[in-house]
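J.: For reference, this is upload_12.cif, and it has mmCIF, C-alpha atoms.
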```cif
data_data
#
loop_
_atom_site.group_PDB
_atom_site.id
_atom_site.type_symbol
_atom_site.label_atom_id
_atom_site.label_comp_id
_atom_site.auth_asym_id
_atom_site.auth_seq_id
_atom_site.Cartn_x
_atom_site.Cartn_y
_atom_site.Cartn_z
ATOM 1 C CA MET A 1 -12.213 15.501 19.015
ATOM 2 C CA ASP A 2 -12.372 16.732 15.399
ATOM 3 C CA TRP A 3 -13.750 13.560 13.808
ATOM 4 C CA GLU A 4 -13.467 14.876 10.253
ATOM 5 C CA ASN A 5 -9.737 15.268 10.784
ATOM 6 C CA VAL A 6 -9.465 11.859 12.456
ATOM 7 C CA ILE A 7 -11.201 10.113 9.528
ATOM 8 C CA VAL A 8 -8.985 11.848 6.950
ATOM 9 C CA ARG A 9 -5.842 11.110 8.986
ATOM 10 C CA PHE A 10 -6.792 7.423 9.291
ATOM 11 C CA SER A 11 -7.496 7.184 5.562
ATOM 12 C CA LEU A 12 -4.177 8.848 4.706
ATOM 13 C CA TYR A 13 -2.174 6.637 7.069
ATOM 14 C CA LEU A 14 -3.698 3.491 5.589
ATOM 15 C CA ASP A 15 -3.499 4.616 1.973
ATOM 16 C CA LEU A 16 0.093 5.868 2.102
ATOM 17 C CA MET A 17 1.281 2.760 3.955
ATOM 18 C CA LEU A 18 -0.154 0.663 1.137
ATOM 19 C CA VAL A 19 1.324 2.973 -1.521
ATOM 20 C CA PHE A 20 4.734 2.351 0.026
ATOM 21 C CA GLY A 21 4.269 -1.217 1.255
ATOM 22 C CA LEU A 22 2.876 -2.926 -1.859
ATOM 23 C CA PRO A 23 5.734 -2.121 -4.283
ATOM 24 C CA LEU A 24 8.247 -2.664 -1.467
ATOM 25 C CA PHE A 25 6.879 -6.162 -0.881
ATOM 26 C CA ALA A 26 6.995 -6.950 -4.599
ATOM 27 C CA MET A 27 10.577 -5.654 -4.759
ATOM 28 C CA TYR A 28 12.028 -7.855 -1.996
ATOM 29 C CA SER A 29 9.777 -10.929 -2.283
ATOM 30 C CA LEU A 30 9.758 -11.485 -6.052
ATOM 31 C CA ASN A 31 12.835 -12.630 -7.934
ATOM 32 C CA SER A 32 13.990 -10.953 -11.148
ATOM 33 C CA LEU A 33 11.820 -13.139 -13.384
ATOM 34 C CA GLU A 34 8.736 -12.867 -11.160
ATOM 35 C CA ARG A 35 8.958 -9.064 -11.282
ATOM 36 C CA GLU A 36 7.928 -9.327 -14.934
ATOM 37 C CA SER A 37 4.936 -11.529 -14.116
ATOM 38 C CA ILE A 38 1.259 -10.641 -13.940
ATOM 39 C CA THR A 39 1.526 -10.717 -10.136
ATOM 40 C CA ALA A 40 4.038 -7.854 -10.141
ATOM 41 C CA LYS A 41 1.927 -5.908 -12.642
ATOM 42 C CA ARG A 42 -1.072 -6.281 -10.347
ATOM 43 C CA PHE A 43 0.890 -4.833 -7.424
ATOM 44 C CA VAL A 44 2.004 -1.887 -9.539
ATOM 45 C CA ALA A 45 -1.512 -1.220 -10.846
ATOM 46 C CA LYS A 46 -3.103 -1.286 -7.398
ATOM 47 C CA SER A 47 -0.335 0.902 -5.950
ATOM 48 C CA LYS A 48 -0.848 3.456 -8.718
ATOM 49 C CA VAL A 49 -4.586 3.713 -8.003
ATOM 50 C CA LEU A 50 -3.872 4.086 -4.281
ATOM 51 C CA ALA A 51 -1.383 6.885 -5.037
ATOM 52 C CA ILE A 52 -4.037 8.799 -6.970
ATOM 53 C CA ILE A 53 -6.430 8.362 -4.038
ATOM 54 C CA ALA A 54 -3.674 9.588 -1.691
ATOM 55 C CA ILE A 55 -3.328 12.787 -3.737
ATOM 56 C CA VAL A 56 -7.041 13.486 -3.311
ATOM 57 C CA LEU A 57 -6.963 12.597 0.403
ATOM 58 C CA SER A 58 -3.937 14.854 0.955
ATOM 59 C CA ILE A 59 -5.724 17.848 -0.555
ATOM 60 C CA VAL A 60 -8.865 17.112 1.473
ATOM 61 C CA GLY A 61 -6.758 16.708 4.618
ATOM 62 C CA PHE A 62 -5.060 20.045 3.988
ATOM 63 C CA ILE A 63 -8.429 21.800 3.707
ATOM 64 C CA VAL A 64 -9.761 20.103 6.859
ATOM 65 C CA SER A 65 -6.601 20.949 8.850
ATOM 66 C CA THR A 66 -6.634 24.566 7.657
ATOM 67 C CA LYS A 67 -10.255 24.941 8.774
ATOM 68 C CA MET A 68 -9.392 23.547 12.201
ATOM 69 C CA MET A 69 -6.337 25.796 12.667
ATOM 70 C CA SER A 70 -8.082 28.938 11.407
ATOM 71 C CA GLY A 71 -11.016 28.422 13.758
ATOM 72 C CA ALA A 72 -13.533 28.873 10.937
ATOM 73 C CA GLU A 73 -17.025 27.537 11.629
ATOM 74 C CA SER A 74 -17.470 26.257 8.062
ATOM 75 C CA TYR A 75 -15.289 25.686 5.010
ATOM 76 C CA PHE A 76 -16.844 28.713 3.330
ATOM 77 C CA ASP A 77 -15.624 30.913 6.211
ATOM 78 C CA ILE A 78 -11.938 30.064 5.744
ATOM 79 C CA ALA A 79 -10.018 33.201 4.775
ATOM 80 C CA PRO A 80 -8.130 32.843 1.451
ATOM 81 C CA ASP A 81 -4.837 33.861 3.051
ATOM 82 C CA ALA A 82 -5.234 31.045 5.593
ATOM 83 C CA PHE A 83 -4.532 28.512 2.837
ATOM 84 C CA SER A 84 -1.424 30.302 1.554
ATOM 85 C CA MET A 85 -0.123 30.748 5.109
ATOM 86 C CA ALA A 86 -0.648 27.067 5.924
ATOM 87 C CA LEU A 87 0.876 25.932 2.638
ATOM 88 C CA PHE A 88 3.952 28.169 2.460
ATOM 89 C CA GLU A 89 4.663 29.215 6.054
ATOM 90 C CA MET A 90 4.024 26.039 8.054
ATOM 91 C CA SER A 91 5.964 22.783 8.116
ATOM 92 C CA PHE A 92 2.970 20.576 7.390
ATOM 93 C CA GLY A 93 2.281 22.668 4.262
ATOM 94 C CA THR A 94 5.817 22.077 3.030
ATOM 95 C CA ALA A 95 5.385 18.378 3.815
ATOM 96 C CA LEU A 96 2.186 18.377 1.742
ATOM 97 C CA LEU A 97 3.962 19.848 -1.289
ATOM 98 C CA ILE A 98 6.722 17.240 -1.017
ATOM 99 C CA ARG A 99 4.112 14.482 -0.662
ATOM 100 C CA LEU A 100 2.169 15.596 -3.717
ATOM 101 C CA ALA A 101 5.360 15.761 -5.778
ATOM 102 C CA ALA A 102 6.430 12.290 -4.613
ATOM 103 C CA LEU A 103 2.997 10.817 -5.368
ATOM 104 C CA ALA A 104 2.932 12.436 -8.827
ATOM 105 C CA LEU A 105 6.318 10.883 -9.620
ATOM 106 C CA PHE A 106 5.054 7.574 -8.198
ATOM 107 C CA VAL A 107 2.116 7.574 -10.647
ATOM 108 C CA VAL A 108 4.374 8.549 -13.566
ATOM 109 C CA LEU A 109 6.745 5.684 -12.734
ATOM 110 C CA GLY A 110 3.790 3.292 -12.710
ATOM 111 C CA THR A 111 2.932 4.153 -16.314
ATOM 112 C CA SER A 112 6.259 5.205 -17.836
ATOM 113 C CA ILE A 113 9.018 3.480 -19.767
ATOM 114 C CA PHE A 114 10.092 1.913 -16.466
ATOM 115 C CA THR A 115 7.374 -0.700 -17.002
ATOM 116 C CA LYS A 116 9.962 -2.407 -19.225
ATOM 117 C CA ARG A 117 12.455 -2.354 -16.339
ATOM 118 C CA PRO A 118 10.305 -3.730 -13.506
ATOM 119 C CA SER A 119 13.127 -4.026 -10.976
ATOM 120 C CA TYR A 120 14.032 -0.347 -11.300
ATOM 121 C CA GLN A 121 10.356 0.548 -11.366
ATOM 122 C CA LEU A 122 9.671 -1.171 -8.041
ATOM 123 C CA VAL A 123 12.774 0.362 -6.431
ATOM 124 C CA PHE A 124 11.841 3.914 -7.427
ATOM 125 C CA MET A 125 8.158 3.444 -6.619
ATOM 126 C CA SER A 126 9.092 2.167 -3.159
ATOM 127 C CA GLY A 127 11.407 5.145 -2.706
ATOM 128 C CA PHE A 128 8.858 7.788 -3.676
ATOM 129 C CA GLY A 129 6.166 5.939 -1.719
ATOM 130 C CA GLY A 130 8.431 6.031 1.327
ATOM 131 C CA VAL A 131 8.985 9.784 0.920
ATOM 132 C CA ALA A 132 5.228 10.375 0.683
ATOM 133 C CA LEU A 133 4.612 8.257 3.803
ATOM 134 C CA ALA A 134 7.415 9.960 5.749
ATOM 135 C CA THR A 135 5.795 13.398 5.277
ATOM 136 C CA LEU A 136 3.033 12.334 7.680
ATOM 137 C CA ALA A 137 5.562 12.775 10.493
ATOM 138 C CA TRP A 138 5.190 16.555 10.131
ATOM 139 C CA GLY A 139 1.520 16.256 11.077
ATOM 140 C CA GLY A 140 2.074 14.576 14.438
ATOM 141 C CA HIS A 141 3.938 14.964 17.723
ATOM 142 C CA GLY A 142 7.279 14.488 15.963
ATOM 143 C CA VAL A 143 7.516 18.267 15.413
ATOM 144 C CA MET A 144 6.891 19.240 19.035
ATOM 145 C CA ASN A 145 10.601 19.429 19.918
ATOM 146 C CA GLU A 146 13.432 21.577 18.572
ATOM 147 C CA ASP A 147 17.179 21.319 17.905
ATOM 148 C CA VAL A 148 18.835 17.901 18.364
ATOM 149 C CA LYS A 149 15.911 16.478 20.321
ATOM 150 C CA GLY A 150 13.573 17.579 17.562
ATOM 151 C CA PHE A 151 15.646 15.855 14.863
ATOM 152 C CA ALA A 152 15.826 12.673 16.956
ATOM 153 C CA HIS A 153 12.074 12.659 17.579
ATOM 154 C CA LEU A 154 11.203 13.391 13.956
ATOM 155 C CA GLY A 155 13.686 10.767 12.749
ATOM 156 C CA ALA A 156 12.220 8.131 15.070
ATOM 157 C CA ASP A 157 8.729 9.071 13.892
ATOM 158 C CA ILE A 158 9.752 8.651 10.235
ATOM 159 C CA VAL A 159 11.391 5.247 10.827
ATOM 160 C CA HIS A 160 8.294 4.182 12.794
ATOM 161 C CA LEU A 161 6.054 5.129 9.865
ATOM 162 C CA ILE A 162 8.275 3.345 7.330
ATOM 163 C CA ALA A 163 8.405 0.155 9.426
ATOM 164 C CA ALA A 164 4.636 0.229 9.964
ATOM 165 C CA GLY A 165 4.099 0.801 6.238
ATOM 166 C CA ALA A 166 6.258 -2.213 5.398
ATOM 167 C CA TRP A 167 4.205 -4.405 7.763
ATOM 168 C CA VAL A 168 0.810 -3.138 6.588
ATOM 169 C CA GLY A 169 1.943 -3.493 2.976
ATOM 170 C CA ALA A 170 3.069 -7.072 3.576
ATOM 171 C CA LEU A 171 -0.243 -8.003 5.212
ATOM 172 C CA ALA A 172 -2.195 -6.538 2.293
ATOM 173 C CA SER A 173 0.132 -8.261 -0.186
ATOM 174 C CA PHE A 174 -0.331 -11.676 1.405
ATOM 175 C CA LEU A 175 -4.111 -11.234 1.426
ATOM 176 C CA LEU A 176 -3.991 -10.296 -2.257
ATOM 177 C CA LEU A 177 -1.806 -13.306 -3.033
ATOM 178 C CA LEU A 178 -4.180 -15.584 -1.120
ATOM 179 C CA SER A 179 -7.114 -14.248 -3.127
ATOM 180 C CA TRP A 180 -5.222 -14.918 -6.367
ATOM 181 C CA THR A 181 -3.717 -18.296 -5.387
ATOM 182 C CA PRO A 182 -6.904 -20.409 -5.683
ATOM 183 C CA LYS A 183 -7.017 -19.391 -9.332
ATOM 184 C CA GLY A 184 -3.574 -20.894 -9.817
ATOM 185 C CA GLY A 185 -2.027 -24.263 -9.120
ATOM 186 C CA ARG A 186 0.756 -25.852 -7.158
ATOM 187 C CA ALA A 187 3.404 -23.473 -8.489
ATOM 188 C CA GLU A 188 1.508 -20.453 -7.120
ATOM 189 C CA VAL A 189 1.098 -22.093 -3.701
ATOM 190 C CA GLU A 190 4.812 -22.941 -3.586
ATOM 191 C CA GLN A 191 5.590 -19.316 -4.447
ATOM 192 C CA LEU A 192 3.324 -18.152 -1.614
ATOM 193 C CA GLY A 193 5.078 -20.475 0.841
ATOM 194 C CA ARG A 194 8.473 -19.162 -0.244
ATOM 195 C CA MET A 195 7.323 -15.574 0.217
ATOM 196 C CA LEU A 196 5.968 -16.320 3.685
ATOM 197 C CA ASN A 197 9.290 -17.848 4.712
ATOM 198 C CA GLY A 198 11.211 -15.027 3.075
ATOM 199 C CA PHE A 199 9.294 -12.443 5.090
ATOM 200 C CA ALA A 200 10.700 -13.841 8.349
ATOM 201 C CA ILE A 201 13.878 -11.708 8.240
ATOM 202 C CA MET A 202 12.028 -8.601 7.065
ATOM 203 C CA GLY A 203 9.408 -9.147 9.764
ATOM 204 C CA SER A 204 12.079 -9.298 12.467
ATOM 205 C CA VAL A 205 13.608 -6.033 11.220
ATOM 206 C CA ILE A 206 10.179 -4.372 11.146
ATOM 207 C CA VAL A 207 9.246 -5.445 14.677
ATOM 208 C CA SER A 208 12.637 -4.362 16.050
ATOM 209 C CA ALA A 209 12.319 -0.961 14.369
ATOM 210 C CA LEU A 210 8.781 -0.474 15.702
ATOM 211 C CA LEU A 211 9.777 -1.392 19.262
ATOM 212 C CA VAL A 212 12.848 0.874 19.324
ATOM 213 C CA THR A 213 11.251 3.884 17.646
ATOM 214 C CA GLY A 214 8.003 3.461 19.588
ATOM 215 C CA THR A 215 9.962 3.598 22.847
ATOM 216 C CA ILE A 216 11.909 6.654 21.676
ATOM 217 C CA ASN A 217 8.703 8.428 20.658
ATOM 218 C CA TYR A 218 7.069 7.775 24.020
ATOM 219 C CA LEU A 219 10.109 8.992 25.946
ATOM 220 C CA MET A 220 10.306 12.097 23.759
ATOM 221 C CA ILE A 221 6.654 12.891 24.434
ATOM 222 C CA SER A 222 6.134 11.849 28.059
ATOM 223 C CA GLY A 223 9.604 11.229 29.434
ATOM 224 C CA LEU A 224 9.733 8.725 32.273
ATOM 225 C CA ASN A 225 6.229 9.655 33.434
ATOM 226 C CA PHE A 226 4.572 6.246 33.182
ATOM 227 C CA GLY A 227 1.762 7.177 35.559
ATOM 228 C CA SER A 228 -0.015 9.119 32.806
ATOM 229 C CA ILE A 229 -0.587 5.881 30.881
ATOM 230 C CA PHE A 230 -3.661 5.128 33.002
ATOM 231 C CA THR A 231 -4.737 8.651 33.936
ATOM 232 C CA THR A 232 -5.017 10.464 30.587
ATOM 233 C CA THR A 233 -7.017 9.785 27.445
ATOM 234 C CA TYR A 234 -3.780 9.797 25.468
ATOM 235 C CA GLY A 235 -2.191 7.231 27.795
ATOM 236 C CA ILE A 236 -5.230 4.936 27.773
ATOM 237 C CA LEU A 237 -5.455 4.948 23.956
ATOM 238 C CA LEU A 238 -1.704 4.346 23.765
ATOM 239 C CA THR A 239 -2.075 1.340 26.067
ATOM 240 C CA ILE A 240 -4.878 -0.062 23.906
ATOM 241 C CA LYS A 241 -2.658 0.446 20.860
ATOM 242 C CA LEU A 242 0.094 -1.577 22.572
ATOM 243 C CA VAL A 243 -2.358 -4.398 23.307
ATOM 244 C CA PHE A 244 -3.341 -4.628 19.627
ATOM 245 C CA PHE A 245 0.346 -4.504 18.667
ATOM 246 C CA LEU A 246 1.068 -7.476 20.944
ATOM 247 C CA ALA A 247 -1.888 -9.298 19.384
ATOM 248 C CA MET A 248 -0.371 -8.674 15.948
ATOM 249 C CA LEU A 249 2.937 -10.096 17.164
ATOM 250 C CA ALA A 250 1.206 -13.235 18.451
ATOM 251 C CA LEU A 251 -0.659 -13.740 15.175
ATOM 252 C CA ALA A 252 2.501 -13.100 13.144
ATOM 253 C CA ALA A 253 4.356 -15.705 15.240
ATOM 254 C CA ALA A 254 1.549 -18.224 14.672
ATOM 255 C CA ASN A 255 1.682 -17.560 10.938
ATOM 256 C CA ARG A 256 5.448 -18.025 10.852
ATOM 257 C CA TYR A 257 5.889 -21.072 13.072
ATOM 258 C CA GLN A 258 2.591 -22.955 12.689
ATOM 259 C CA LEU A 259 0.490 -21.981 9.687
ATOM 260 C CA THR A 260 3.271 -21.550 7.110
ATOM 261 C CA PRO A 261 4.774 -25.019 7.835
ATOM 262 C CA LYS A 262 1.261 -26.503 7.531
ATOM 263 C CA LEU A 263 0.831 -24.814 4.163
ATOM 264 C CA GLU A 264 4.148 -26.226 2.960
ATOM 265 C CA ALA A 265 3.198 -29.698 4.197
ATOM 266 C CA SER A 266 -0.117 -29.486 2.350
ATOM 267 C CA ILE A 267 1.669 -28.903 -0.954
ATOM 268 C CA ALA A 268 3.050 -32.441 -0.962
ATOM 269 C CA SER A 269 -0.469 -33.886 -0.666
ATOM 270 C CA ASP A 270 -1.810 -31.350 -3.179
ATOM 271 C CA ASN A 271 -4.551 -30.417 -0.699
ATOM 272 C CA HIS A 272 -3.704 -26.837 0.190
ATOM 273 C CA GLY A 273 -7.265 -25.456 0.334
ATOM 274 C CA PRO A 274 -7.812 -25.882 4.121
ATOM 275 C CA ALA A 275 -4.307 -24.571 4.974
ATOM 276 C CA ILE A 276 -4.854 -21.484 2.828
ATOM 277 C CA ALA A 277 -8.240 -20.849 4.457
ATOM 278 C CA VAL A 278 -6.775 -20.964 7.971
ATOM 279 C CA LEU A 279 -3.835 -18.779 6.988
ATOM 280 C CA LYS A 280 -6.157 -16.267 5.347
ATOM 281 C CA GLY A 281 -8.307 -16.103 8.486
ATOM 282 C CA SER A 282 -5.243 -15.402 10.624
ATOM 283 C CA LEU A 283 -4.025 -12.678 8.258
ATOM 284 C CA ILE A 284 -7.477 -11.052 8.278
ATOM 285 C CA LEU A 285 -7.384 -10.929 12.088
ATOM 286 C CA GLU A 286 -3.877 -9.473 12.009
ATOM 287 C CA SER A 287 -4.979 -6.900 9.439
ATOM 288 C CA GLY A 288 -7.972 -6.016 11.636
ATOM 289 C CA CYS A 289 -5.606 -5.291 14.519
ATOM 290 C CA ALA A 290 -3.508 -3.115 12.186
ATOM 291 C CA LEU A 291 -6.583 -1.110 11.137
ATOM 292 C CA LEU A 292 -7.554 -0.539 14.770
ATOM 293 C CA ILE A 293 -4.014 0.603 15.546
ATOM 294 C CA LEU A 294 -4.123 3.094 12.656
ATOM 295 C CA ALA A 295 -7.478 4.396 13.917
ATOM 296 C CA LEU A 296 -5.933 4.892 17.364
ATOM 297 C CA ILE A 297 -2.908 6.648 15.833
ATOM 298 C CA ALA A 298 -5.243 9.008 13.986
ATOM 299 C CA CYS A 299 -6.866 9.884 17.324
ATOM 300 C CA LEU A 300 -3.597 10.081 19.286
ATOM 301 C CA GLY A 301 -2.208 12.660 16.859
ATOM 302 C CA MET A 302 -5.100 14.980 17.777
ATOM 303 C CA LEU A 303 -4.669 14.683 21.549
ATOM 304 C CA ASN A 304 -2.472 16.512 24.020
ATOM 305 C CA PRO A 305 -0.143 13.810 25.419
ATOM 306 C CA LEU A 306 0.528 15.692 28.646
#
```
Now, as a test, write the supplied structure out as structure tokens.

T.:
Amino acid sequence: MDWENVIVRFSLYLDLMLVFGLPLFAMYSLNSLERESITAKRFVAKSKVLAIIAIVLSIVGFIVSTKMMSGAESYFDIAPDAFSMALFEMSFGTALLIRLAALALFVVLGTSIFTKRPSYQLVFMSGFGGVALATLAWGGHGVMNEDVKGFAHLGADIVHLIAAGAWVGALASFLLLLSWTPKGGRAEVEQLGRMLNGFAIMGSVIVSALLVTGTINYLMISGLNFGSIFTTTYGILLTIKLVFFLAMLALAAANRYQLTPKLEASIASDNHGPAIAVLKGSLILESGCALLILALIACLGMLNPL
């Protein structure tokens, strides 16, 4: 296992999911007036910093991947033409160029005249963030097939990434809101409760998309060969990933049907501190599962699934 590549892949997955997920969350959870608030500005500012980090990580990842593919023993041994070949003659190089362009536009949108039109700003930032995230599909098993099957596999991979990014972005957003809420009052807590309830529909769409595209991806890679799940490293890691995914579902259900109603009930008594603490603990656990899943995905992309 090339651990340098795994670490860079994990960092890119996490960073790009946040680049896409944070402005997306602000776009669909905040109303038109709230998009002009300090909360929205905080989301934009953090997303912009993450986009700059993603640019650096993408360049580092390109160098690490080129070293691995060229077979060079050290970075100083990489032939100069290896970089140009990887960048201009391979699909992941093209994906990198598209990603860098999308991230550059993302940063420009975060500091441009669009700051006076926050709704448009969040829409375009989410769009370019989604494009940048989608390019990761060209660095995984989604490019292993050709023709119609290849398009179907790559498409499922892209939708899977987008859905995962929306979930990871929402988790990070709620944790940020919970860290800001104690500094506010009842109005901020009521806003948090509304956002938690509003995420129910989006959460259902995300989970459905992940289940459908995850099944398609597995069938595209392994077919109906379920025996390999327990006999190969790829299958074992995939099974562990599924276990953490089910844990995330259980925690998300608890948040939706138990912890959110308790938070809303605590507003009436103006004693929301304990409810927020419990909710925050649950979201931290759910986020921990998400991080472990991303670490497993980074490893799975480096393994032969057969």

J.: Between CA of Asp15 (chain A) and CA of Ala164 (chain A), what is the distance, to one decimal in Å?

T.: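 Value for the CA of Asp15 (chain A)-CA of Ala164 (chain A) distance: 12.2 Å.
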
J.: For Gly281 (chain A), list every protein, DNA or RNA residue within 12 Å, evaluated using all atoms listed in the file, and leave out those in the same chain fewer than 5 positions away; present the list as a PDB file with C-alpha atoms, in the frame of the given file.

T.:
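Writing the result to out-v6.pdb gives the following:
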```pdb
ATOM      1  CA  LEU A 171      -0.243  -8.003   5.212  1.00  0.00           C
ATOM      2  CA  PHE A 174      -0.331 -11.676   1.405  1.00  0.00           C
ATOM      3  CA  LEU A 175      -4.111 -11.234   1.426  1.00  0.00           C
ATOM      4  CA  LEU A 178      -4.180 -15.584  -1.120  1.00  0.00           C
ATOM      5  CA  SER A 179      -7.114 -14.248  -3.127  1.00  0.00           C
ATOM      6  CA  LEU A 251      -0.659 -13.740  15.175  1.00  0.00           C
ATOM      7  CA  ALA A 254       1.549 -18.224  14.672  1.00  0.00           C
ATOM      8  CA  ASN A 255       1.682 -17.560  10.938  1.00  0.00           C
ATOM      9  CA  LEU A 259       0.490 -21.981   9.687  1.00  0.00           C
ATOM     10  CA  PRO A 274      -7.812 -25.882   4.121  1.00  0.00           C
ATOM     11  CA  ALA A 275      -4.307 -24.571   4.974  1.00  0.00           C
ATOM     12  CA  ILE A 276      -4.854 -21.484   2.828  1.00  0.00           C
ATOM     13  CA  GLU A 286      -3.877  -9.473  12.009  1.00  0.00           C
ATOM     14  CA  SER A 287      -4.979  -6.900   9.439  1.00  0.00           C
ATOM     15  CA  GLY A 288      -7.972  -6.016  11.636  1.00  0.00           C
TER      16      GLY A 288
END
```

J.: Can you tell me, as a ChimeraX atom specification, what residues are no more than 12 Å from Leu105 (chain A) when counting all atoms listed in the file, ignoring any on the same chain fewer than 5 positions away?

T.: /A:48,51-52,55,98-100,110-112,114,121,124-129,131-132

J.: Check which residues satisfy the PyMOL selection byres ((chain A and resi 118) around 10) in the file shown, then give them as a list of chain:residue names.

T.: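 Residues picked by the PyMOL selection byres ((chain A and resi 118) around 10): A:Met27, A:Ser32, A:Leu33, A:Glu34, A:Arg35, A:Glu36, A:Ser37, A:Ala40, A:Lys41, A:Val44, A:Gly110, A:Ile113, A:Phe114, A:Thr115, A:Lys116, A:Arg117, A:Ser119, A:Tyr120, A:Gln121, A:Leu122, A:Val123, A:Phe124.
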
J.: Enumerate, as a PyMOL selection string, the protein, DNA and RNA residues whose atoms approach (-1.9, 6.9, 3.2) to within 12 Å, taking into account all atoms listed in the file and the coordinate frame of the file.

T.: chain A and resi 7-21+47+49-58+61+99-100+103+129-137+161-162+164-165+168-169+294+298

J.: What is the CA of Ile216 (chain A)-CA of Leu291 (chain A) distance in Å, reported with one decimal?

T.: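 Between these atoms lies a distance of 22.7 Å.
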
J.: For region 206-215 of chain A, what centre and edge lengths in Å (one decimal) does the axis-aligned box get once 6 Å is added on each side of all its listed atoms, as lines of an AutoDock Vina configuration file?

T.:
```
center_x = 10.4
center_y = -0.8
center_z = 17.0
size_x = 16.8
size_y = 21.3
size_z = 23.7
```

J.: Could you state which residues are captured by the PyMOL selection byres ((chain A and resi 217) around 8) in this file, as a short mmCIF file (atom, residue, chain, number, x, y, z; two decimals) with C-alpha atoms, in the frame of the given file?

T.:
```
data_model
loop_
_atom_site.label_atom_id
_atom_site.label_comp_id
_atom_site.auth_asym_id
_atom_site.auth_seq_id
_atom_site.Cartn_x
_atom_site.Cartn_y
_atom_site.Cartn_z
CA GLY A 142 7.28 14.49 15.96
CA HIS A 153 12.07 12.66 17.58
CA ALA A 156 12.22 8.13 15.07
CA ASP A 157 8.73 9.07 13.89
CA THR A 213 11.25 3.88 17.65
CA GLY A 214 8.00 3.46 19.59
CA THR A 215 9.96 3.60 22.85
CA ILE A 216 11.91 6.65 21.68
CA TYR A 218 7.07 7.78 24.02
CA LEU A 219 10.11 8.99 25.95
CA MET A 220 10.31 12.10 23.76
CA ILE A 221 6.65 12.89 24.43
#
```

J.: Rank A:Leu192, A:Ala163, A:Leu237, A:Val278 by their smallest atom-to-atom distance to Val207 (chain A), using only C-alpha atoms, and report the top residue only.

T.: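 Selected residue with least distance to Val207 (chain A): A:Ala163.
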
J.: Using Å and a single decimal, report how far CA of Ile297 (chain A) sits from CA of Lys241 (chain A).

T.: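 Between CA of Lys241 (chain A) and CA of Ile297 (chain A) the gap is 8.0 Å.
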
J.: Neighbours of Ser70 (chain A) within 9 Å (only C-alpha atoms; same-chain residues fewer than 3 positions away dropped), as a PyMOL selection string?

T.: chain A and resi 65-67+78-79+82

J.: I need the residues from that last selection saved to file as a PDB file, keeping the file's coordinate frame (with C-alpha atoms), if you can.

T.:
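Below is the file out-v5.pdb, written as the result:
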```pdb
ATOM      1  CA  SER A  65      -6.601  20.949   8.850  1.00  0.00           C
ATOM      2  CA  THR A  66      -6.634  24.566   7.657  1.00  0.00           C
ATOM      3  CA  LYS A  67     -10.255  24.941   8.774  1.00  0.00           C
ATOM      4  CA  ILE A  78     -11.938  30.064   5.744  1.00  0.00           C
ATOM      5  CA  ALA A  79     -10.018  33.201   4.775  1.00  0.00           C
ATOM      6  CA  ALA A  82      -5.234  31.045   5.593  1.00  0.00           C
TER       7      ALA A  82
END
```

J.: Which residues fall under the PyMOL selection byres ((chain A and resi 240) around 12) in this file, as a tab-separated table (two decimals) with C-alpha atoms, keeping the file's coordinate frame?

T.:
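So out38.tsv came out as:
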```tsv
chain	number	residue	atom	x	y	z
A	229	ILE	CA	-0.59	5.88	30.88
A	230	PHE	CA	-3.66	5.13	33.00
A	233	THR	CA	-7.02	9.78	27.44
A	234	TYR	CA	-3.78	9.80	25.47
A	235	GLY	CA	-2.19	7.23	27.80
A	236	ILE	CA	-5.23	4.94	27.77
A	237	LEU	CA	-5.46	4.95	23.96
A	238	LEU	CA	-1.70	4.35	23.76
A	239	THR	CA	-2.08	1.34	26.07
A	241	LYS	CA	-2.66	0.45	20.86
A	242	LEU	CA	0.09	-1.58	22.57
A	243	VAL	CA	-2.36	-4.40	23.31
A	244	PHE	CA	-3.34	-4.63	19.63
A	245	PHE	CA	0.35	-4.50	18.67
A	246	LEU	CA	1.07	-7.48	20.94
A	247	ALA	CA	-1.89	-9.30	19.38
A	289	CYS	CA	-5.61	-5.29	14.52
A	292	LEU	CA	-7.55	-0.54	14.77
A	293	ILE	CA	-4.01	0.60	15.55
A	294	LEU	CA	-4.12	3.09	12.66
A	295	ALA	CA	-7.48	4.40	13.92
A	296	LEU	CA	-5.93	4.89	17.36
A	297	ILE	CA	-2.91	6.65	15.83
A	300	LEU	CA	-3.60	10.08	19.29
```

J.: Considering all atoms listed in the file, can you say which of A:Ser204, A:Ala72, A:Pro23, A:Tyr28 comes closest to Leu109 (chain A)?

T.: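 For Leu109 (chain A), the nearest of the given residues is A:Pro23.
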
J.: Using all atoms listed in the file, which residues sit within 9 Å of Glu264 (chain A) once same-chain residues fewer than 2 positions away are excluded, as an mmCIF file with C-alpha atoms, in the coordinates of the input?

T.:
```
data_model
loop_
_atom_site.group_PDB
_atom_site.id
_atom_site.type_symbol
_atom_site.label_atom_id
_atom_site.label_comp_id
_atom_site.auth_asym_id
_atom_site.auth_seq_id
_atom_site.Cartn_x
_atom_site.Cartn_y
_atom_site.Cartn_z
ATOM 1 C CA VAL A 189 1.098 -22.093 -3.701
ATOM 2 C CA GLU A 190 4.812 -22.941 -3.586
ATOM 3 C CA GLY A 193 5.078 -20.475 0.841
ATOM 4 C CA ARG A 194 8.473 -19.162 -0.244
ATOM 5 C CA LEU A 259 0.490 -21.981 9.687
ATOM 6 C CA THR A 260 3.271 -21.550 7.110
ATOM 7 C CA PRO A 261 4.774 -25.019 7.835
ATOM 8 C CA LYS A 262 1.261 -26.503 7.531
ATOM 9 C CA SER A 266 -0.117 -29.486 2.350
ATOM 10 C CA ILE A 267 1.669 -28.903 -0.954
ATOM 11 C CA ALA A 268 3.050 -32.441 -0.962
ATOM 12 C CA HIS A 272 -3.704 -26.837 0.190
ATOM 13 C CA ALA A 275 -4.307 -24.571 4.974
#
```
